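Shown below: target.cif, with mmCIF, C-alpha atoms and all ligand atoms.
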data_protein
#
loop_
_atom_site.label_atom_id
_atom_site.label_comp_id
_atom_site.auth_asym_id
_atom_site.auth_seq_id
_atom_site.Cartn_x
_atom_site.Cartn_y
_atom_site.Cartn_z
CA MET B 1 0.00 0.00 0.00
CA LYS B 2 1.15 3.52 -0.81
CA ILE B 3 1.26 5.87 2.22
CA LEU B 4 1.72 9.64 1.87
CA LEU B 5 3.35 11.04 5.04
CA LEU B 6 3.54 14.82 5.55
CA GLY B 7 5.78 16.82 7.89
CA GLN B 8 9.09 15.19 6.92
CA HIS B 9 11.37 16.97 9.41
CA GLY B 10 8.90 17.11 12.31
CA GLN B 11 9.15 15.08 15.52
CA VAL B 12 6.22 12.73 14.90
CA SER B 13 6.85 12.42 11.18
CA ARG B 14 10.50 11.41 11.69
CA GLU B 15 9.45 8.62 14.05
CA LEU B 16 6.69 7.49 11.68
CA HIS B 17 9.16 7.46 8.81
CA ALA B 18 11.47 5.15 10.75
CA SER B 19 8.60 2.83 11.77
CA LEU B 20 6.85 2.61 8.39
CA ARG B 21 9.89 2.54 6.10
CA ASP B 22 9.94 -1.25 5.79
CA GLN B 23 6.22 -1.87 5.93
CA ALA B 24 4.81 0.13 3.06
CA GLU B 25 5.57 2.12 -0.05
CA LEU B 26 6.18 5.33 1.82
CA ILE B 27 6.19 8.76 0.16
CA VAL B 28 7.42 11.43 2.56
CA ARG B 29 6.94 15.12 1.88
CA GLY B 30 8.35 18.14 3.69
CA ARG B 31 7.59 21.79 3.19
CA GLU B 32 10.17 21.98 0.35
CA GLN B 33 8.20 19.57 -1.85
CA LEU B 34 4.68 20.27 -0.61
CA ASP B 35 3.84 23.58 1.03
CA LEU B 36 0.63 23.14 2.99
CA ALA B 37 0.00 26.88 2.76
CA GLN B 38 -0.65 26.29 -0.98
CA PRO B 39 -3.93 24.34 -1.32
CA GLU B 40 -3.41 23.81 -5.06
CA GLN B 41 -0.10 22.05 -4.37
CA ILE B 42 -1.91 19.69 -1.99
CA ARG B 43 -4.58 18.86 -4.57
CA GLN B 44 -2.08 18.38 -7.41
CA GLN B 45 0.24 16.11 -5.45
CA VAL B 46 -2.42 13.94 -3.85
CA ARG B 47 -4.11 13.48 -7.24
CA ALA B 48 -0.80 12.58 -8.89
CA LEU B 49 0.40 10.24 -6.13
CA ARG B 50 -2.96 8.53 -5.42
CA PRO B 51 -1.98 7.20 -1.94
CA GLY B 52 -4.05 4.53 -0.20
CA LEU B 53 -3.54 6.29 3.16
CA ILE B 54 -2.54 9.85 4.11
CA ILE B 55 -0.87 10.75 7.42
CA ASN B 56 -0.71 14.46 8.19
CA ALA B 57 1.99 14.98 10.82
CA ALA B 58 2.77 18.50 9.55
CA ALA B 59 1.45 21.52 11.40
CA TYR B 60 2.18 25.10 12.38
CA THR B 61 3.33 24.34 15.95
CA ALA B 62 4.90 27.66 17.11
CA VAL B 63 2.34 28.31 19.86
CA ASP B 64 3.50 31.81 20.84
CA GLN B 65 4.40 32.97 17.32
CA ALA B 66 0.89 31.98 16.16
CA GLU B 67 -0.48 34.91 18.17
CA SER B 68 1.15 37.29 15.66
CA GLU B 69 0.71 35.06 12.54
CA PRO B 70 -2.91 33.91 12.74
CA GLU B 71 -3.43 33.78 8.94
CA LEU B 72 -0.47 31.44 8.42
CA ALA B 73 -1.44 29.26 11.40
CA PHE B 74 -5.00 28.90 10.06
CA ALA B 75 -3.78 28.24 6.49
CA ILE B 76 -1.61 25.31 7.64
CA ASN B 77 -3.64 23.99 10.59
CA ALA B 78 -7.20 24.57 9.38
CA VAL B 79 -7.44 25.10 5.59
CA ALA B 80 -4.81 22.52 4.55
CA PRO B 81 -6.31 19.63 6.61
CA GLY B 82 -9.71 20.37 5.05
CA VAL B 83 -8.23 20.18 1.55
CA LEU B 84 -6.39 16.97 2.46
CA ALA B 85 -9.64 15.50 3.78
CA GLU B 86 -11.46 16.32 0.53
CA GLU B 87 -8.71 14.78 -1.59
CA ALA B 88 -8.44 11.70 0.64
CA ALA B 89 -12.21 11.19 0.48
CA ALA B 90 -12.17 11.52 -3.31
CA LEU B 91 -9.60 8.69 -3.44
CA GLY B 92 -11.36 6.62 -0.77
CA ALA B 93 -8.14 6.79 1.29
CA PRO B 94 -8.23 7.07 5.11
CA LEU B 95 -6.65 10.19 6.64
CA ILE B 96 -4.77 10.18 9.95
CA HIS B 97 -4.36 13.66 11.43
CA TYR B 98 -2.97 14.94 14.74
CA SER B 99 -4.45 17.59 16.99
CA THR B 100 -3.75 18.96 20.43
CA ASP B 101 -4.73 19.31 24.09
CA TYR B 102 -4.64 23.10 23.44
CA VAL B 103 -8.20 22.86 22.05
CA TYR B 104 -9.23 22.86 25.74
CA ASP B 105 -9.01 25.76 28.19
CA GLY B 106 -7.74 23.53 31.01
CA SER B 107 -10.41 24.52 33.51
CA LYS B 108 -11.74 20.96 34.02
CA SER B 109 -10.59 19.31 37.24
CA ALA B 110 -10.32 15.80 35.71
CA PRO B 111 -8.73 14.43 32.52
CA TYR B 112 -10.54 15.54 29.36
CA VAL B 113 -12.67 13.09 27.36
CA GLU B 114 -13.30 13.56 23.64
CA SER B 115 -16.86 14.84 24.17
CA ASP B 116 -15.84 17.65 26.57
CA PRO B 117 -16.47 21.20 25.35
CA THR B 118 -13.51 22.85 23.64
CA ASN B 119 -12.40 26.41 24.30
CA PRO B 120 -8.88 27.15 23.03
CA LEU B 121 -6.98 29.87 24.84
CA GLY B 122 -4.87 31.00 21.86
CA VAL B 123 -4.54 31.16 18.08
CA TYR B 124 -2.65 27.84 17.79
CA GLY B 125 -5.42 25.94 19.62
CA GLN B 126 -8.10 27.79 17.64
CA SER B 127 -6.42 26.91 14.34
CA LYS B 128 -6.04 23.23 15.32
CA LEU B 129 -9.69 23.08 16.40
CA ALA B 130 -10.71 24.62 13.06
CA GLY B 131 -8.63 21.88 11.37
CA GLU B 132 -10.52 19.16 13.28
CA ARG B 133 -13.80 20.73 12.19
CA ALA B 134 -12.66 20.95 8.57
CA LEU B 135 -11.95 17.20 8.61
CA GLN B 136 -15.24 16.41 10.31
CA ALA B 137 -17.14 18.48 7.73
CA VAL B 138 -15.82 16.08 5.06
CA GLY B 139 -16.26 12.97 7.26
CA GLY B 140 -15.54 9.38 6.33
CA ALA B 141 -12.47 7.29 7.16
CA GLN B 142 -10.52 9.65 9.41
CA LEU B 143 -8.63 9.44 12.67
CA ILE B 144 -8.11 12.75 14.47
CA LEU B 145 -5.63 12.02 17.28
CA ARG B 146 -5.30 14.71 19.95
CA THR B 147 -1.97 14.44 21.71
CA SER B 148 -0.02 16.51 24.25
CA TRP B 149 3.44 17.81 25.24
CA VAL B 150 5.32 16.09 22.39
CA TYR B 151 9.08 15.59 22.66
CA SER B 152 11.79 13.55 20.94
CA LEU B 153 15.55 13.52 20.42
CA HIS B 154 15.10 15.81 17.39
CA GLY B 155 13.72 19.25 16.70
CA ARG B 156 12.67 21.90 19.21
CA ASN B 157 11.12 20.52 22.36
CA PHE B 158 11.14 20.63 26.17
CA LEU B 159 13.39 17.57 26.60
CA LEU B 160 16.24 18.96 24.49
CA THR B 161 15.85 22.49 25.90
CA MET B 162 15.96 21.18 29.50
CA GLN B 163 18.94 18.91 28.82
CA ARG B 164 20.87 21.94 27.53
CA LEU B 165 19.78 24.44 30.21
CA LEU B 166 20.26 22.01 33.11
CA GLN B 167 23.85 21.45 32.01
CA GLU B 168 24.51 25.18 31.44
CA ARG B 169 22.91 26.66 34.56
CA ASP B 170 23.20 26.21 38.32
CA GLU B 171 19.54 26.96 38.88
CA LEU B 172 16.45 26.79 36.67
CA LYS B 173 12.85 27.86 37.31
CA VAL B 174 10.16 25.65 35.76
CA VAL B 175 6.37 25.98 35.74
CA ALA B 176 4.76 23.57 38.21
CA ASP B 177 1.03 24.34 37.94
CA GLN B 178 0.39 23.04 34.40
CA ILE B 179 -0.44 19.31 34.52
CA GLY B 180 -0.33 16.91 31.59
CA ALA B 181 1.43 13.93 30.06
CA PRO B 182 4.69 14.41 28.18
CA THR B 183 4.34 12.19 25.09
CA TRP B 184 7.31 10.78 23.18
CA ALA B 185 6.91 11.15 19.40
CA GLY B 186 8.10 7.52 19.19
CA SER B 187 5.06 6.40 21.23
CA ILE B 188 2.73 8.37 18.94
CA ALA B 189 4.36 6.71 15.91
CA SER B 190 4.23 3.17 17.32
CA THR B 191 0.58 3.57 18.32
CA THR B 192 -0.24 5.01 14.88
CA VAL B 193 1.45 2.01 13.24
CA GLN B 194 -0.68 -0.32 15.39
CA LEU B 195 -3.83 1.57 14.33
CA ILE B 196 -2.83 1.17 10.67
CA GLN B 197 -2.23 -2.55 11.24
CA ARG B 198 -5.66 -2.96 12.86
CA TRP B 199 -7.25 -1.29 9.82
CA ARG B 200 -5.27 -3.32 7.31
CA GLU B 201 -6.18 -6.56 9.10
CA GLY B 202 -9.89 -5.64 9.05
CA GLN B 203 -9.85 -5.05 12.85
CA ALA B 204 -10.36 -1.25 12.75
CA GLY B 205 -12.32 0.45 15.50
CA PRO B 206 -14.71 3.28 14.63
CA TRP B 207 -13.17 6.21 12.72
CA GLY B 208 -13.31 9.57 14.48
CA LEU B 209 -11.74 11.73 17.15
CA TYR B 210 -9.56 10.20 19.88
CA HIS B 211 -7.13 11.21 22.61
CA LEU B 212 -3.63 9.71 22.27
CA SER B 213 -1.09 10.68 24.92
CA ALA B 214 1.18 8.91 27.36
CA GLN B 215 -0.48 7.63 30.55
CA GLY B 216 -0.01 9.09 34.02
CA GLU B 217 0.50 12.77 34.70
CA THR B 218 3.06 15.28 35.83
CA SER B 219 3.85 19.00 35.63
CA TRP B 220 6.53 20.65 33.49
CA PHE B 221 8.52 20.85 36.75
CA GLY B 222 8.01 17.10 37.29
CA PHE B 223 9.08 16.38 33.71
CA ALA B 224 12.16 18.58 34.14
CA SER B 225 12.99 16.78 37.42
CA ALA B 226 12.87 13.39 35.63
CA ILE B 227 15.14 14.76 32.88
CA ALA B 228 17.60 16.06 35.51
CA GLU B 229 17.56 12.69 37.28
CA GLN B 230 18.45 10.93 34.02
CA LEU B 231 21.27 13.40 33.29
CA ARG B 232 22.76 12.74 36.73
CA ALA B 233 22.32 8.96 36.28
CA ALA B 234 24.36 9.30 33.07
CA GLY B 235 27.13 11.04 35.01
CA LYS B 236 26.33 14.53 33.67
CA ARG B 237 25.76 17.67 35.66
CA ALA B 238 22.28 19.10 36.18
CA GLY B 239 21.46 22.39 37.91
CA GLN B 240 18.90 22.73 40.69
CA LEU B 241 15.25 23.08 39.73
CA GLN B 242 12.84 25.50 41.34
CA PRO B 243 9.04 25.25 40.85
CA ILE B 244 7.21 28.43 39.81
CA PRO B 245 3.57 29.23 38.93
CA SER B 246 2.60 30.00 35.31
CA SER B 247 1.97 33.60 36.42
CA ALA B 248 5.73 33.98 37.00
CA TYR B 249 6.50 32.91 33.39
CA PRO B 250 4.28 35.02 31.11
CA THR B 251 4.12 33.97 27.42
CA PRO B 252 2.29 35.55 24.44
CA ALA B 253 -0.10 32.55 24.34
CA GLN B 254 -1.79 31.33 27.51
CA ARG B 255 -1.49 27.56 28.17
CA PRO B 256 -4.17 25.34 29.75
CA LEU B 257 -3.45 24.45 33.40
CA ASN B 258 -4.99 21.00 32.90
CA SER B 259 -3.75 19.23 29.74
CA ARG B 260 -4.63 15.72 30.89
CA LEU B 261 -6.27 13.61 28.17
CA ASP B 262 -8.33 10.52 29.03
CA CYS B 263 -7.25 8.01 26.37
CA SER B 264 -9.45 5.09 27.42
CA ARG B 265 -11.66 5.34 24.31
CA LEU B 266 -8.76 4.78 21.89
CA GLN B 267 -7.36 1.95 24.02
CA ARG B 268 -10.77 0.24 24.20
CA ASP B 269 -12.07 0.81 20.64
CA TRP B 270 -8.79 0.12 18.81
CA GLN B 271 -7.23 -2.34 21.27
CA VAL B 272 -3.98 -0.45 21.83
CA GLN B 273 -1.94 0.09 25.01
CA LEU B 274 -0.37 3.48 25.70
CA PRO B 275 2.84 3.65 27.78
CA ASN B 276 3.34 5.55 31.03
CA TRP B 277 5.07 8.90 30.40
CA HIS B 278 8.09 8.10 32.59
CA ASP B 279 8.68 4.67 31.00
CA ALA B 280 8.46 6.29 27.56
CA LEU B 281 10.99 8.97 28.59
CA LEU B 282 13.50 6.24 29.50
CA GLU B 283 12.78 4.43 26.23
CA CYS B 284 13.32 7.66 24.28
CA LEU B 285 16.60 8.42 26.05
CA HIS B 286 17.88 4.91 25.26
CA SER B 287 16.64 4.86 21.65
CA PRO B 288 19.08 5.23 18.75
CA ARG B 289 19.33 8.84 17.57
N1 LIG B 301 4.80 19.58 19.66
C1 LIG B 301 3.86 19.44 20.59
O1 LIG B 301 4.11 19.63 21.79
C2 LIG B 301 2.46 19.03 20.22
C3 LIG B 301 1.50 18.93 21.24
C4 LIG B 301 0.20 18.53 20.90
C5 LIG B 301 -0.10 18.23 19.58
N2 LIG B 301 0.85 18.35 18.61
C6 LIG B 301 0.48 18.05 17.22
O2 LIG B 301 1.18 16.88 16.82
C7 LIG B 301 1.48 16.94 15.42
C8 LIG B 301 2.96 16.71 15.21
O3 LIG B 301 3.68 17.72 15.92
P1 LIG B 301 5.28 17.75 15.97
O4 LIG B 301 5.65 18.07 17.36
O5 LIG B 301 5.83 16.57 15.27
O6 LIG B 301 5.53 19.06 15.09
P2 LIG B 301 6.92 19.67 14.58
O7 LIG B 301 8.06 18.91 15.10
O8 LIG B 301 6.83 21.14 14.80
O9 LIG B 301 6.82 19.38 13.01
C9 LIG B 301 5.86 19.98 12.23
C10 LIG B 301 6.33 19.89 10.80
O10 LIG B 301 5.34 20.55 9.98
C11 LIG B 301 6.04 21.21 8.97
N3 LIG B 301 5.33 22.33 8.38
C12 LIG B 301 5.07 23.52 8.95
N4 LIG B 301 4.51 24.34 8.04
C13 LIG B 301 4.44 23.65 6.88
C14 LIG B 301 3.99 23.95 5.58
N5 LIG B 301 3.51 25.16 5.26
N6 LIG B 301 4.05 23.00 4.62
C15 LIG B 301 4.55 21.79 4.91
N7 LIG B 301 5.03 21.44 6.11
C16 LIG B 301 4.97 22.36 7.09
C17 LIG B 301 7.31 21.72 9.61
O11 LIG B 301 8.24 21.92 8.58
P3 LIG B 301 9.64 22.68 8.79
O12 LIG B 301 10.52 21.61 9.38
O13 LIG B 301 10.02 23.07 7.42
O14 LIG B 301 9.35 23.82 9.71
C18 LIG B 301 7.67 20.60 10.56
O15 LIG B 301 8.60 19.70 10.00
C19 LIG B 301 0.96 18.30 14.96
O16 LIG B 301 -0.32 18.14 14.42
C20 LIG B 301 0.87 19.12 16.23
O17 LIG B 301 -0.10 20.14 16.14
C21 LIG B 301 2.14 18.72 18.90
#
Go through the file and emit its structure as structure tokens.
Ligand SMILES: NC(=O)c1ccc[n+]([C@@H]2O[C@H](COP(=O)([O-])OP(=O)(O)OC[C@H]3O[C@@H](n4cnc5c(N)ncnc54)[C@H](OP(=O)(O)O)[C@@H]3O)[C@@H](O)[C@H]2O)c1
Amino acid sequence: MKILLLGQHGQVSRELHASLRDQAELIVRGREQLDLAQPEQIRQQVRALRPGLIINAAAYTAVDQAESEPELAFAINAVAPGVLAEEAAALGAPLIHYSTDYVYDGSKSAPYVESDPTNPLGVYGQSKLAGERALQAVGGAQLILRTSWVYSLHGRNFLLTMQRLLQERDELKVVADQIGAPTWAGSIASTTVQLIQRWREGQAGPWGLYHLSAQGETSWFGFASAIAEQLRAAGKRAGQLQPIPSSAYPTPAQRPLNSRLDCSRLQRDWQVQLPNWHDALLECLHSPR
């Protein structure tokens, strides 16, 4: 089967590329070959390539920058997914698309379930929610997978930033009142591969919107503490961490205080197991680069 994978240099896409390379005829596209801000390019390429499955792991992910670039964020995160959905439907090809915990405002006191009301706090979350709605307006064979706090050994992410700052500084302040589940891009990729296998074996669950994050919960401070512990275990230096409230670390875009996603629906309907966030961190740190 021919799979078209978008987002070539992104965290999730890189891991998907590695996992799917041997299993399918994989066509990977980055911004250089297919600019999602150009809807006609999307239509032309999908029509020419005629994939049997499309995975959209590309997105405008600069949460703070989105506040000053709303048109670009909406073009990539809302308009492009809608065009992809139309082209996938015309081919009869399923579409796998990723979304975010930032569609919620974080005011719920328990983990979010898929049917909870959305209320994004910033432009990035609004654009991703508009992308979900653009897919749903087309309907059909689609998986919209909302994930959270993605990290890997590549790209720009909290793990790599903390590893660098902890080794450079004696003391580091990290936000402790935002709760969620750090999710390794490798876990997202391996779960996605399992979902594809279920579908190909005729064991697919219902198409639709699901939460897909690591299990368990922590704060950014807790995540940073686990990263520091692993640095020290590897014989490297790590500065001291100090917990602070979000109010002491103002950013252009406000973040939800509660990013916890209840993933039981995906695990039940598609028969997949999601790893605990701390186990996945160790697996990531010991994975080949
Ligand atoms: N990162 C997180 O913490 C997080 C949290 C929740 C949900 N998600 C969602 O998870 C998915 C994967 O995220 P990720 O962390 O893997 O993202 P990422 O590392 O930022 O990668 C996104 C990729 O999209 C590409 N892209 C951006 N604009 C494009 C355009 N106009 N045309 C084509 N490609 C374009 C980027 O290309 P360049 O390399 O050229 O910039 C980049 O390689 C996204 O849907 C994201 O919204 C992420």
Dump as a tab-separated table the rows for residues of chain B within 6 Å of ligand LIG 301 (chain B): closest atom pair and distance in Å with one decimal, all atoms listed in the file counted, ordered by chain and rising residue number.
residue	atom	partner	partner_atom	distance
B:Gly7	CA	B:LIG301	C10	4.3
B:Gln8	CA	B:LIG301	O15	5.5
B:His9	CA	B:LIG301	O15	3.9
B:Gly10	CA	B:LIG301	O9	3.2
B:Gln11	CA	B:LIG301	O5	3.6
B:Val12	CA	B:LIG301	O5	3.9
B:Ser13	CA	B:LIG301	O5	5.9
B:Gly30	CA	B:LIG301	N7	5.3
B:Arg31	CA	B:LIG301	C15	3.5
B:Leu34	CA	B:LIG301	C15	5.7
B:Asp35	CA	B:LIG301	N6	3.6
B:Leu36	CA	B:LIG301	N6	3.8
B:Ala37	CA	B:LIG301	N5	4.6
B:Ala57	CA	B:LIG301	C8	4.8
B:Ala58	CA	B:LIG301	O10	3.3
B:Ala59	CA	B:LIG301	O10	4.3
B:Tyr60	CA	B:LIG301	C12	4.8
B:Thr61	CA	B:LIG301	O8	4.9
B:Ile76	CA	B:LIG301	N5	5.6
B:Tyr98	CA	B:LIG301	O16	4.2
B:Ser99	CA	B:LIG301	O16	4.9
B:Thr100	CA	B:LIG301	C5	3.8
B:Asp101	CA	B:LIG301	C4	5.9
B:Thr147	CA	B:LIG301	C4	4.7
B:Ser148	CA	B:LIG301	C4	3.9
B:Trp149	CA	B:LIG301	O1	4.0
B:Val150	CA	B:LIG301	O1	3.8
B:Gly155	CA	B:LIG301	O7	5.9
Quick one: write out the picked residues with C-alpha atoms as a PDB file, in the coordinates of the input?
ATOM      1  CA  GLY B   7       5.780  16.820   7.890  1.00  0.00           C
ATOM      2  CA  GLN B   8       9.090  15.190   6.920  1.00  0.00           C
ATOM      3  CA  HIS B   9      11.370  16.970   9.410  1.00  0.00           C
ATOM      4  CA  GLY B  10       8.900  17.110  12.310  1.00  0.00           C
ATOM      5  CA  GLN B  11       9.150  15.080  15.520  1.00  0.00           C
ATOM      6  CA  VAL B  12       6.220  12.730  14.900  1.00  0.00           C
ATOM      7  CA  SER B  13       6.850  12.420  11.180  1.00  0.00           C
ATOM      8  CA  GLY B  30       8.350  18.140   3.690  1.00  0.00           C
ATOM      9  CA  ARG B  31       7.590  21.790   3.190  1.00  0.00           C
ATOM     10  CA  LEU B  34       4.680  20.270  -0.610  1.00  0.00           C
ATOM     11  CA  ASP B  35       3.840  23.580   1.030  1.00  0.00           C
ATOM     12  CA  LEU B  36       0.630  23.140   2.990  1.00  0.00           C
ATOM     13  CA  ALA B  37       0.000  26.880   2.760  1.00  0.00           C
ATOM     14  CA  ALA B  57       1.990  14.980  10.820  1.00  0.00           C
ATOM     15  CA  ALA B  58       2.770  18.500   9.550  1.00  0.00           C
ATOM     16  CA  ALA B  59       1.450  21.520  11.400  1.00  0.00           C
ATOM     17  CA  TYR B  60       2.180  25.100  12.380  1.00  0.00           C
ATOM     18  CA  THR B  61       3.330  24.340  15.950  1.00  0.00           C
ATOM     19  CA  ILE B  76      -1.610  25.310   7.640  1.00  0.00           C
ATOM     20  CA  TYR B  98      -2.970  14.940  14.740  1.00  0.00           C
ATOM     21  CA  SER B  99      -4.450  17.590  16.990  1.00  0.00           C
ATOM     22  CA  THR B 100      -3.750  18.960  20.430  1.00  0.00           C
ATOM     23  CA  ASP B 101      -4.730  19.310  24.090  1.00  0.00           C
ATOM     24  CA  THR B 147      -1.970  14.440  21.710  1.00  0.00           C
ATOM     25  CA  SER B 148      -0.020  16.510  24.250  1.00  0.00           C
ATOM     26  CA  TRP B 149       3.440  17.810  25.240  1.00  0.00           C
ATOM     27  CA  VAL B 150       5.320  16.090  22.390  1.00  0.00           C
ATOM     28  CA  GLY B 155      13.720  19.250  16.700  1.00  0.00           C
TER      29      GLY B 155
END
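The residue that comes closest to Ala228 (chain B), out of B:Gly140, B:Gln240, B:Ser127, B:Ser152 and on the basis of all atoms listed in the file, is B:Gln240.
Near Gln65 (chain B), within 9 Å and counting only C-alpha atoms, sit Tyr124, Pro252 and Ala253 of chain B, not including residues fewer than 6 positions from it in the same chain.
Using only C-alpha atoms, the protein and nucleic acid residues lying no more than 7 Å from Met1 (chain B), apart from those fewer than 5 places from it along its own chain, are Ala24, Glu25 and Gly52 of chain B.
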Per-axis box centre and lengths in Å around region 267-270 of chain B, 4 Å margin per side, axis-aligned, as lines of an AutoDock Vina configuration file:
center_x = -9.7
center_y = 1.0
center_z = 21.5
size_x = 12.7
size_y = 9.8
size_z = 13.4
Spatial neighbours of Tyr102 (chain B), max dist 7 Å, all atoms listed in the file, sep filter under 6 positions, as number ranges by chain: B: 120, 125, 256
I'd like a table as a Markdown table: residues in region 115-159 of chain B with an atom no more than 7 Å from region 202-211 of chain B, each row giving the shortest atom pair and its distance in Å to one decimal, all atoms listed in the file counted, sorted by chain and rising residue number.
| residue | atom | partner | partner_atom | distance |
| --- | --- | --- | --- | --- |
| B:Ala141 | CA | B:Trp207 | CA | 5.7 |
| B:Gln142 | CA | B:Trp207 | CA | 5.5 |
| B:Leu143 | CA | B:Gly208 | CA | 5.0 |
| B:Ile144 | CA | B:Leu209 | CA | 4.6 |
| B:Leu145 | CA | B:Tyr210 | CA | 5.1 |
| B:Arg146 | CA | B:His211 | CA | 4.8 |
| B:Thr147 | CA | B:His211 | CA | 6.2 |
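Put simply, CA of Ala48 (chain B) is 11.0 Å away from CA of Glu87 (chain B).
Within the 8 Å cut-off around Ala224 (chain B), using only C-alpha atoms and omitting residues fewer than 4 positions from it on the same chain, the listed residues are B:Leu159, B:Met162, B:Val174, B:Trp220, B:Ala228, B:Leu241.
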Go ahead and save the residues from that selection, with C-alpha atoms, as a PDB file, in the coordinates of the input.
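The resulting file, out-v8.pdb, is shown below:
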ATOM      1  CA  LEU B 159      13.390  17.570  26.600  1.00  0.00           C
ATOM      2  CA  MET B 162      15.960  21.180  29.500  1.00  0.00           C
ATOM      3  CA  VAL B 174      10.160  25.650  35.760  1.00  0.00           C
ATOM      4  CA  TRP B 220       6.530  20.650  33.490  1.00  0.00           C
ATOM      5  CA  ALA B 228      17.600  16.060  35.510  1.00  0.00           C
ATOM      6  CA  LEU B 241      15.250  23.080  39.730  1.00  0.00           C
TER       7      LEU B 241
END
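Counting all atoms listed in the file, the residue from B:Phe223, B:Gln197, B:Val175, B:Arg265 that sits nearest to Ala248 (chain B) is B:Val175.
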Pairwise distance for CA of Thr218 (chain B) and CA of Ser247 (chain B), rounded to one decimal in Å: 18.4 Å
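Of the residues listed (B:Arg169, B:His278, B:His286, B:Arg21), B:His278 shows the shortest atom-to-atom separation from Ala214 (chain B); distances use all atoms listed in the file.
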Distance query Gly239 (chain B) at most 9 Å, all atoms listed in the file, self and fewer than 6 positions along chain excluded, as JSON, numbers by chain: {"B": [165, 166, 167, 168, 169, 170, 171, 172, 228]}
Atom-to-atom span, CA of Glu217 (chain B) and CA of Ile179 (chain B), Å: 6.6 Å
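Each of B:Glu40, B:Glu86, B:Glu69, B:Asp177 was compared to Ile244 (chain B) using all atoms listed in the file, and B:Asp177 turns out to be the nearest.
Among B:Glu15, B:Asp22, B:Glu32, B:Asp262, the residue with the shortest atom-to-atom distance to Ser115 (chain B), counting all atoms listed in the file, is B:Asp262.
With only C-alpha atoms as the atoms that count, the residue of B:Arg133, B:Arg268, B:Arg289, B:Arg255 with the shortest distance to Tyr104 (chain B) is B:Arg255.
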